[in-house]
$ cat work18.pdb   # PDB, C-alpha atoms, pLDDT in the B column
ATOM      1  CA  SER N 230     113.974 100.439 125.728  1.00 42.00           C
ATOM      2  CA  THR N 231     112.864 103.891 124.637  1.00 47.00           C
ATOM      3  CA  GLN N 232     111.886 102.726 121.159  1.00 46.00           C
ATOM      4  CA  SER N 233     108.561 101.393 122.381  1.00 44.00           C
ATOM      5  CA  THR N 234     107.536 104.902 123.466  1.00 46.00           C
ATOM      6  CA  TRP N 235     108.120 106.423 120.009  1.00 48.00           C
ATOM      7  CA  GLY N 236     104.560 105.972 118.803  1.00 46.00           C
ATOM      8  CA  ALA N 237     104.118 102.334 117.871  1.00 46.00           C
ATOM      9  CA  SER N 238     103.250 100.236 120.884  1.00 57.00           C
ATOM     10  CA  ASN N 239     105.105  97.199 119.568  1.00 68.00           C
ATOM     11  CA  GLY N 240     108.223  99.145 118.566  1.00 78.00           C
ATOM     12  CA  ALA N 241     107.684  98.611 114.836  1.00 81.00           C
ATOM     13  CA  THR N 242     108.959 101.317 112.523  1.00 87.00           C
ATOM     14  CA  VAL N 243     108.374 102.097 108.860  1.00 87.00           C
ATOM     15  CA  LYS N 244     111.388  99.949 107.971  1.00 88.00           C
ATOM     16  CA  ASP N 245     109.756  96.874 109.556  1.00 86.00           C
ATOM     17  CA  VAL N 246     106.698  96.704 107.277  1.00 89.00           C
ATOM     18  CA  PRO N 247     106.442  96.125 103.499  1.00 90.00           C
ATOM     19  CA  ALA N 248     106.453  99.339 101.483  1.00 91.00           C
ATOM     20  CA  GLY N 249     103.325  98.612  99.455  1.00 91.00           C
ATOM     21  CA  GLU N 250     101.191  97.820 102.475  1.00 91.00           C
ATOM     22  CA  PHE N 251     102.507 100.813 104.409  1.00 92.00           C
ATOM     23  CA  ILE N 252     101.896 103.271 101.571  1.00 93.00           C
ATOM     24  CA  ALA N 253      98.334 101.972 101.089  1.00 93.00           C
ATOM     25  CA  ALA N 254      97.610 102.259 104.829  1.00 93.00           C
ATOM     26  CA  LEU N 255      99.118 105.747 105.100  1.00 92.00           C
ATOM     27  CA  ALA N 256      97.199 106.929 102.019  1.00 92.00           C
ATOM     28  CA  ALA N 257      93.972 105.650 103.583  1.00 93.00           C
ATOM     29  CA  HIS N 258      94.889 107.486 106.805  1.00 92.00           C
ATOM     30  CA  PHE N 259      95.515 110.746 104.900  1.00 91.00           C
ATOM     31  CA  LYS N 260      92.189 110.414 103.106  1.00 91.00           C
ATOM     32  CA  LYS N 261      90.265 109.527 106.273  1.00 91.00           C
ATOM     33  CA  SER N 262      91.758 112.323 108.384  1.00 89.00           C
ATOM     34  CA  ASN N 263      90.674 115.050 105.884  1.00 87.00           C
ATOM     35  CA  LYS N 264      93.817 117.064 106.632  1.00 84.00           C
ATOM     36  CA  MET N 265      94.980 117.101 103.021  1.00 87.00           C
ATOM     37  CA  ASP N 266      93.189 119.183 100.410  1.00 87.00           C
ATOM     38  CA  VAL N 267      93.345 117.620  96.959  1.00 86.00           C
ATOM     39  CA  PRO N 268      93.927 120.437  94.429  1.00 87.00           C
ATOM     40  CA  GLU N 269      91.244 121.019  91.805  1.00 90.00           C
ATOM     41  CA  TRP N 270      93.750 120.226  89.048  1.00 88.00           C
ATOM     42  CA  ALA N 271      94.486 116.745  90.456  1.00 86.00           C
ATOM     43  CA  ASP N 272      92.036 114.977  88.130  1.00 87.00           C
ATOM     44  CA  ILE N 273      93.537 116.371  84.904  1.00 87.00           C
ATOM     45  CA  VAL N 274      97.271 116.651  85.592  1.00 89.00           C
ATOM     46  CA  LYS N 275      99.857 114.097  84.478  1.00 89.00           C
ATOM     47  CA  THR N 276     102.594 113.097  86.926  1.00 87.00           C
ATOM     48  CA  GLY N 277     105.307 113.556  84.303  1.00 88.00           C
ATOM     49  CA  THR N 278     105.875 114.559  80.687  1.00 87.00           C
ATOM     50  CA  PHE N 279     106.674 110.943  79.889  1.00 89.00           C
ATOM     51  CA  LYS N 280     103.147 109.847  80.823  1.00 88.00           C
ATOM     52  CA  GLU N 281     100.343 109.692  78.276  1.00 86.00           C
ATOM     53  CA  LEU N 282      97.417 109.872  80.702  1.00 84.00           C
ATOM     54  CA  CYS N 283      96.643 111.203  84.155  1.00 82.00           C
ATOM     55  CA  PRO N 284      96.576 108.639  87.014  1.00 84.00           C
ATOM     56  CA  GLN N 285      93.573 106.301  86.846  1.00 85.00           C
ATOM     57  CA  ASP N 286      93.296 105.870  90.639  1.00 88.00           C
ATOM     58  CA  PRO N 287      91.022 108.619  92.050  1.00 86.00           C
ATOM     59  CA  ASP N 288      93.051 108.608  95.295  1.00 89.00           C
ATOM     60  CA  TRP N 289      96.435 108.905  93.574  1.00 91.00           C
ATOM     61  CA  TYR N 290      97.222 112.207  95.346  1.00 92.00           C
ATOM     62  CA  PHE N 291      97.030 110.530  98.765  1.00 93.00           C
ATOM     63  CA  VAL N 292      99.128 107.597  97.535  1.00 93.00           C
ATOM     64  CA  ARG N 293     101.819 109.966  96.245  1.00 93.00           C
ATOM     65  CA  ALA N 294     101.746 111.875  99.542  1.00 93.00           C
ATOM     66  CA  ALA N 295     102.183 108.620 101.481  1.00 94.00           C
ATOM     67  CA  SER N 296     105.019 107.548  99.204  1.00 93.00           C
ATOM     68  CA  LEU N 297     106.784 110.904  99.599  1.00 94.00           C
ATOM     69  CA  ALA N 298     106.352 110.824 103.388  1.00 94.00           C
ATOM     70  CA  ARG N 299     107.872 107.334 103.499  1.00 94.00           C
ATOM     71  CA  ARG N 300     110.787 108.447 101.312  1.00 93.00           C
ATOM     72  CA  VAL N 301     111.492 111.421 103.583  1.00 93.00           C
ATOM     73  CA  TYR N 302     111.315 109.085 106.596  1.00 93.00           C
ATOM     74  CA  LEU N 303     113.896 106.725 105.111  1.00 92.00           C
ATOM     75  CA  ARG N 304     116.235 109.428 103.833  1.00 90.00           C
ATOM     76  CA  GLY N 305     115.839 113.023 104.972  1.00 87.00           C
ATOM     77  CA  GLY N 306     117.251 115.988 103.118  1.00 89.00           C
ATOM     78  CA  VAL N 307     115.732 115.043  99.780  1.00 89.00           C
ATOM     79  CA  GLY N 308     114.388 117.942  97.730  1.00 90.00           C
ATOM     80  CA  VAL N 309     111.939 118.404  94.888  1.00 90.00           C
ATOM     81  CA  GLY N 310     114.594 117.834  92.213  1.00 92.00           C
ATOM     82  CA  GLU N 311     115.725 114.524  93.661  1.00 92.00           C
ATOM     83  CA  PHE N 312     112.124 113.380  94.052  1.00 91.00           C
ATOM     84  CA  SER N 313     111.453 114.250  90.415  1.00 91.00           C
ATOM     85  CA  ARG N 314     114.299 111.924  89.471  1.00 93.00           C
ATOM     86  CA  ILE N 315     113.056 109.194  91.826  1.00 92.00           C
ATOM     87  CA  TYR N 316     109.530 109.290  90.360  1.00 91.00           C
ATOM     88  CA  GLY N 317     110.716 109.679  86.754  1.00 90.00           C
ATOM     89  CA  GLY N 318     110.531 107.000  84.110  1.00 91.00           C
ATOM     90  CA  LEU N 319     111.111 106.097  80.498  1.00 91.00           C
ATOM     91  CA  LYS N 320     109.670 108.421  77.874  1.00 92.00           C
ATOM     92  CA  SER N 321     108.479 106.591  74.772  1.00 92.00           C
ATOM     93  CA  ASN N 322     109.719 108.344  71.655  1.00 91.00           C
ATOM     94  CA  GLY N 323     107.698 106.313  69.186  1.00 91.00           C
ATOM     95  CA  ALA N 324     109.954 104.433  66.798  1.00 95.00           C
ATOM     96  CA  ARG N 325     113.049 105.950  68.381  1.00 94.00           C
ATOM     97  CA  ARG N 326     114.756 104.758  71.537  1.00 94.00           C
ATOM     98  CA  PRO N 327     113.147 105.591  74.902  1.00 92.00           C
ATOM     99  CA  HIS N 328     115.029 107.930  77.214  1.00 94.00           C
ATOM    100  CA  TYR N 329     114.720 108.695  80.912  1.00 94.00           C
ATOM    101  CA  ALA N 330     112.565 111.690  81.850  1.00 92.00           C
ATOM    102  CA  VAL N 331     111.983 113.301  85.232  1.00 92.00           C
ATOM    103  CA  ALA N 332     108.555 113.547  86.900  1.00 92.00           C
ATOM    104  CA  ALA N 333     106.481 116.709  87.191  1.00 89.00           C
ATOM    105  CA  THR N 334     107.884 118.912  89.944  1.00 92.00           C
ATOM    106  CA  GLY N 335     104.653 120.845  90.517  1.00 92.00           C
ATOM    107  CA  VAL N 336     102.860 117.759  91.801  1.00 91.00           C
ATOM    108  CA  ILE N 337     105.745 116.885  94.121  1.00 93.00           C
ATOM    109  CA  ARG N 338     106.021 120.458  95.419  1.00 92.00           C
ATOM    110  CA  SER N 339     102.265 120.591  96.057  1.00 92.00           C
ATOM    111  CA  VAL N 340     102.301 117.326  98.019  1.00 92.00           C
ATOM    112  CA  LEU N 341     105.346 118.373 100.068  1.00 93.00           C
ATOM    113  CA  ARG N 342     103.660 121.676 100.965  1.00 92.00           C
ATOM    114  CA  GLN N 343     100.584 119.790 102.152  1.00 92.00           C
ATOM    115  CA  LEU N 344     102.797 117.514 104.249  1.00 92.00           C
ATOM    116  CA  GLU N 345     104.483 120.624 105.714  1.00 92.00           C
ATOM    117  CA  GLU N 346     101.106 122.127 106.621  1.00 92.00           C
ATOM    118  CA  ASN N 347     100.230 118.888 108.432  1.00 90.00           C
ATOM    119  CA  ASP N 348     103.551 118.976 110.330  1.00 90.00           C
ATOM    120  CA  ILE N 349     104.830 115.715 108.853  1.00 90.00           C
ATOM    121  CA  VAL N 350     107.835 117.132 107.003  1.00 91.00           C
ATOM    122  CA  SER N 351     109.611 120.464 107.284  1.00 90.00           C
ATOM    123  CA  LYS N 352     112.558 122.407 105.984  1.00 89.00           C
ATOM    124  CA  LYS N 353     115.639 122.849 108.148  1.00 88.00           C
ATOM    125  CA  LYS N 354     117.520 126.083 108.433  1.00 88.00           C
ATOM    126  CA  ASP N 355     120.871 126.057 106.574  1.00 88.00           C
ATOM    127  CA  LYS N 356     120.064 122.706 104.913  1.00 89.00           C
ATOM    128  CA  LYS N 357     118.499 121.738 101.618  1.00 89.00           C
ATOM    129  CA  GLY N 358     115.577 119.368 101.164  1.00 89.00           C
ATOM    130  CA  ARG N 359     112.790 118.222 103.461  1.00 91.00           C
ATOM    131  CA  PHE N 360     113.160 116.395 106.767  1.00 94.00           C
ATOM    132  CA  LEU N 361     110.714 114.443 108.906  1.00 91.00           C
ATOM    133  CA  THR N 362     109.354 116.201 111.988  1.00 92.00           C
ATOM    134  CA  ARG N 363     108.879 114.512 115.359  1.00 93.00           C
ATOM    135  CA  ASN N 364     105.143 114.570 114.855  1.00 92.00           C
ATOM    136  CA  GLY N 365     105.579 113.047 111.389  1.00 91.00           C
ATOM    137  CA  GLN N 366     107.798 110.264 112.715  1.00 91.00           C
ATOM    138  CA  ARG N 367     105.284 109.496 115.455  1.00 91.00           C
ATOM    139  CA  GLU N 368     102.391 109.393 112.980  1.00 91.00           C
ATOM    140  CA  LEU N 369     104.213 107.156 110.495  1.00 92.00           C
ATOM    141  CA  ASP N 370     105.510 104.822 113.205  1.00 92.00           C
ATOM    142  CA  THR N 371     102.010 104.503 114.673  1.00 91.00           C
ATOM    143  CA  ILE N 372     100.618 103.346 111.337  1.00 92.00           C
ATOM    144  CA  ALA N 373     103.587 100.996 110.887  1.00 91.00           C
ATOM    145  CA  GLY N 374     102.914  99.579 114.362  1.00 90.00           C
ATOM    146  CA  GLN N 375      99.254  98.989 113.527  1.00 90.00           C
ATOM    147  CA  LEU N 376     100.283  97.192 110.325  1.00 89.00           C
ATOM    148  CA  ALA N 377     102.856  95.069 112.139  1.00 87.00           C
ATOM    149  CA  ALA N 378     100.311  94.122 114.803  1.00 87.00           C
ATOM    150  CA  ALA N 379      97.774  93.199 112.126  1.00 86.00           C
ATOM    151  CA  ARG N 380     100.356  91.054 110.341  1.00 82.00           C
ATOM    152  CA  LYS N 381     101.196  89.164 113.561  1.00 80.00           C
ATOM    153  CA  ALA N 382      97.549  88.529 114.438  1.00 72.00           C
TER
END
$ encode --input "work18.pdb" --output "C-alpha cells"
Amino acid sequence: STQSTWGASNGATVKDVPAGEFIAALAAHFKKSNKMDVPEWADIVKTGTFKELCPQDPDWYFVRAASLARRVYLRGGVGVGEFSRIYGGLKSNGARRPHYAVAATGVIRSVLRQLEENDIVSKKKDKKGRFLTRNGQRELDTIAGQLAAARKA
C-alpha cells in the first residue's frame, strides 16, 4: 500500500491518534525545531475579547499553532473567520446572561502566517481558506506515526 510511504512508517495518520496527545507532541516539535518565531506581544495578548487574562501556559503560541495545523489537516479550506468561531467561547456579562463571542483574529492570522512560512499550510489560487501542503501532511503524519508507535510499545 502507498500509505506507508506517506511519512509515518507504520501508516498512522493524524486521525489515528488522540487529539490532545497529538497537539502536545506537535507543539513540542514546533518549539524544538525553532522554525516558529513567537511574537513579542505573545505574553500580553488575550486570545479573545471574552477572556479575562492572557494564556497562563508560556508555550501557548506553539499549542495554538499545533491545534490550527491539526484543524487544517482534518478540514482544509478553513479561513481566519471560521477559526475565530471555532476558538470562540462564552463571554461573561456579569449579572446578565453570557453570550457567545469569537476569538481574536490577529492571533489566528499570525499563527497561520507562521505555518505558511514553514510550508505546512498554504493558500490555494481561486479558493478561500488555508490548505495543508504536502510537506505539512508529511510532517504531521510523521509525528502521528511516532505517537502511534509509542502507544503500541
$ residues_around --input "work18.pdb" --residues "N:Pro287" --least-positions-apart "5" --cutoff "12 Å" --atoms "only C-alpha atoms" --output "count of residues only"
8
$ resolve_selection --input "work18.pdb" --expression "the PyMOL selection byres ((chain N and resi 254) around 12)" --output "JSON, numbers by chain"
{"N": [243, 246, 247, 248, 249, 250, 251, 252, 253, 255, 256, 257, 258, 259, 260, 261, 291, 292, 294, 295, 296, 299, 368, 369, 370, 371, 372, 373, 374, 375, 376, 377, 379]}
$ write_last_selection --input "work18.pdb" --atoms "C-alpha atoms" --output "short mmCIF file (atom, residue, chain, number, x, y, z; two decimals), in the frame of the given file"
data_model
loop_
_atom_site.label_atom_id
_atom_site.label_comp_id
_atom_site.auth_asym_id
_atom_site.auth_seq_id
_atom_site.Cartn_x
_atom_site.Cartn_y
_atom_site.Cartn_z
CA VAL N 243 108.37 102.10 108.86
CA VAL N 246 106.70 96.70 107.28
CA PRO N 247 106.44 96.12 103.50
CA ALA N 248 106.45 99.34 101.48
CA GLY N 249 103.32 98.61 99.46
CA GLU N 250 101.19 97.82 102.48
CA PHE N 251 102.51 100.81 104.41
CA ILE N 252 101.90 103.27 101.57
CA ALA N 253 98.33 101.97 101.09
CA LEU N 255 99.12 105.75 105.10
CA ALA N 256 97.20 106.93 102.02
CA ALA N 257 93.97 105.65 103.58
CA HIS N 258 94.89 107.49 106.80
CA PHE N 259 95.52 110.75 104.90
CA LYS N 260 92.19 110.41 103.11
CA LYS N 261 90.26 109.53 106.27
CA PHE N 291 97.03 110.53 98.76
CA VAL N 292 99.13 107.60 97.54
CA ALA N 294 101.75 111.88 99.54
CA ALA N 295 102.18 108.62 101.48
CA SER N 296 105.02 107.55 99.20
CA ARG N 299 107.87 107.33 103.50
CA GLU N 368 102.39 109.39 112.98
CA LEU N 369 104.21 107.16 110.50
CA ASP N 370 105.51 104.82 113.20
CA THR N 371 102.01 104.50 114.67
CA ILE N 372 100.62 103.35 111.34
CA ALA N 373 103.59 101.00 110.89
CA GLY N 374 102.91 99.58 114.36
CA GLN N 375 99.25 98.99 113.53
CA LEU N 376 100.28 97.19 110.32
CA ALA N 377 102.86 95.07 112.14
CA ALA N 379 97.77 93.20 112.13
#
$ closest_residue --input "work18.pdb" --among "N:Ile315, N:Val307, N:Ala382, N:Leu297" --to "N:Gln343" --atoms "all atoms listed in the file"
N:Leu297
$ atom_distance --input "work18.pdb" --atom1 "atom CA of N:Thr276" --atom2 "atom CA of N:Ala332"
6.0 Å
$ atom_distance --input "work18.pdb" --atom1 "atom CA of N:Pro284" --atom2 "atom CA of N:Ala330"
17.1 Å
$ closest_residue --input "work18.pdb" --among "N:Cys283, N:Lys356, N:Val350, N:Tyr329" --to "N:Trp270" --atoms "all atoms listed in the file"
N:Cys283
$ build_atoms --input "work18.pdb" --residues "stretch 294-316 of chain N" --atoms "N, CA and C atoms" --output "PDB file, keeping the file's coordinate frame"
ATOM      1  N   ALA N 294     101.375 111.231  98.279  1.00 93.00           N
ATOM      2  CA  ALA N 294     101.746 111.875  99.542  1.00 93.00           C
ATOM      3  C   ALA N 294     102.314 110.854 100.522  1.00 93.00           C
ATOM      4  N   ALA N 295     101.696 109.670 100.591  1.00 94.00           N
ATOM      5  CA  ALA N 295     102.183 108.620 101.481  1.00 94.00           C
ATOM      6  C   ALA N 295     103.557 108.133 101.039  1.00 94.00           C
ATOM      7  N   SER N 296     103.740 107.997  99.742  1.00 93.00           N
ATOM      8  CA  SER N 296     105.019 107.548  99.204  1.00 93.00           C
ATOM      9  C   SER N 296     106.123 108.568  99.489  1.00 93.00           C
ATOM     10  N   LEU N 297     105.801 109.852  99.313  1.00 94.00           N
ATOM     11  CA  LEU N 297     106.784 110.904  99.599  1.00 94.00           C
ATOM     12  C   LEU N 297     107.119 110.949 101.088  1.00 94.00           C
ATOM     13  N   ALA N 298     106.112 110.808 101.943  1.00 94.00           N
ATOM     14  CA  ALA N 298     106.352 110.824 103.388  1.00 94.00           C
ATOM     15  C   ALA N 298     107.263 109.667 103.791  1.00 94.00           C
ATOM     16  N   ARG N 299     107.027 108.496 103.208  1.00 94.00           N
ATOM     17  CA  ARG N 299     107.872 107.334 103.499  1.00 94.00           C
ATOM     18  C   ARG N 299     109.301 107.572 103.019  1.00 94.00           C
ATOM     19  N   ARG N 300     109.454 108.161 101.849  1.00 93.00           N
ATOM     20  CA  ARG N 300     110.787 108.447 101.312  1.00 93.00           C
ATOM     21  C   ARG N 300     111.551 109.426 102.210  1.00 93.00           C
ATOM     22  N   VAL N 301     110.850 110.455 102.697  1.00 93.00           N
ATOM     23  CA  VAL N 301     111.492 111.421 103.583  1.00 93.00           C
ATOM     24  C   VAL N 301     111.869 110.747 104.900  1.00 93.00           C
ATOM     25  N   TYR N 302     111.027 109.830 105.374  1.00 93.00           N
ATOM     26  CA  TYR N 302     111.315 109.085 106.596  1.00 93.00           C
ATOM     27  C   TYR N 302     112.615 108.300 106.433  1.00 93.00           C
ATOM     28  N   LEU N 303     112.738 107.587 105.321  1.00 92.00           N
ATOM     29  CA  LEU N 303     113.896 106.725 105.111  1.00 92.00           C
ATOM     30  C   LEU N 303     115.171 107.514 104.841  1.00 92.00           C
ATOM     31  N   ARG N 304     115.050 108.651 104.183  1.00 90.00           N
ATOM     32  CA  ARG N 304     116.235 109.428 103.833  1.00 90.00           C
ATOM     33  C   ARG N 304     115.867 110.902 103.803  1.00 90.00           C
ATOM     34  N   GLY N 305     116.149 111.606 104.890  1.00 87.00           N
ATOM     35  CA  GLY N 305     115.839 113.023 104.972  1.00 87.00           C
ATOM     36  C   GLY N 305     116.787 113.850 104.122  1.00 87.00           C
ATOM     37  N   GLY N 306     116.405 115.088 103.889  1.00 89.00           N
ATOM     38  CA  GLY N 306     117.251 115.988 103.118  1.00 89.00           C
ATOM     39  C   GLY N 306     117.068 115.865 101.624  1.00 89.00           C
ATOM     40  N   VAL N 307     116.001 115.200 101.204  1.00 89.00           N
ATOM     41  CA  VAL N 307     115.732 115.043  99.780  1.00 89.00           C
ATOM     42  C   VAL N 307     114.819 116.180  99.346  1.00 89.00           C
ATOM     43  N   GLY N 308     115.153 116.811  98.222  1.00 90.00           N
ATOM     44  CA  GLY N 308     114.388 117.942  97.730  1.00 90.00           C
ATOM     45  C   GLY N 308     113.512 117.582  96.549  1.00 90.00           C
ATOM     46  N   VAL N 309     112.873 118.595  95.993  1.00 90.00           N
ATOM     47  CA  VAL N 309     111.939 118.404  94.888  1.00 90.00           C
ATOM     48  C   VAL N 309     112.655 117.830  93.663  1.00 90.00           C
ATOM     49  N   GLY N 310     113.855 118.310  93.375  1.00 92.00           N
ATOM     50  CA  GLY N 310     114.594 117.834  92.213  1.00 92.00           C
ATOM     51  C   GLY N 310     114.945 116.362  92.307  1.00 92.00           C
ATOM     52  N   GLU N 311     115.385 115.934  93.477  1.00 92.00           N
ATOM     53  CA  GLU N 311     115.725 114.524  93.661  1.00 92.00           C
ATOM     54  C   GLU N 311     114.465 113.658  93.581  1.00 92.00           C
ATOM     55  N   PHE N 312     113.367 114.137  94.148  1.00 91.00           N
ATOM     56  CA  PHE N 312     112.124 113.380  94.052  1.00 91.00           C
ATOM     57  C   PHE N 312     111.654 113.274  92.605  1.00 91.00           C
ATOM     58  N   SER N 313     111.866 114.317  91.820  1.00 91.00           N
ATOM     59  CA  SER N 313     111.453 114.250  90.415  1.00 91.00           C
ATOM     60  C   SER N 313     112.267 113.210  89.660  1.00 91.00           C
ATOM     61  N   ARG N 314     113.501 112.984  90.087  1.00 93.00           N
ATOM     62  CA  ARG N 314     114.299 111.924  89.471  1.00 93.00           C
ATOM     63  C   ARG N 314     113.860 110.544  89.979  1.00 93.00           C
ATOM     64  N   ILE N 315     113.509 110.468  91.260  1.00 92.00           N
ATOM     65  CA  ILE N 315     113.056 109.194  91.826  1.00 92.00           C
ATOM     66  C   ILE N 315     111.768 108.730  91.141  1.00 92.00           C
ATOM     67  N   TYR N 316     110.824 109.641  90.924  1.00 91.00           N
ATOM     68  CA  TYR N 316     109.530 109.290  90.360  1.00 91.00           C
ATOM     69  C   TYR N 316     109.501 109.396  88.842  1.00 91.00           C
TER      70      TYR N 316
END
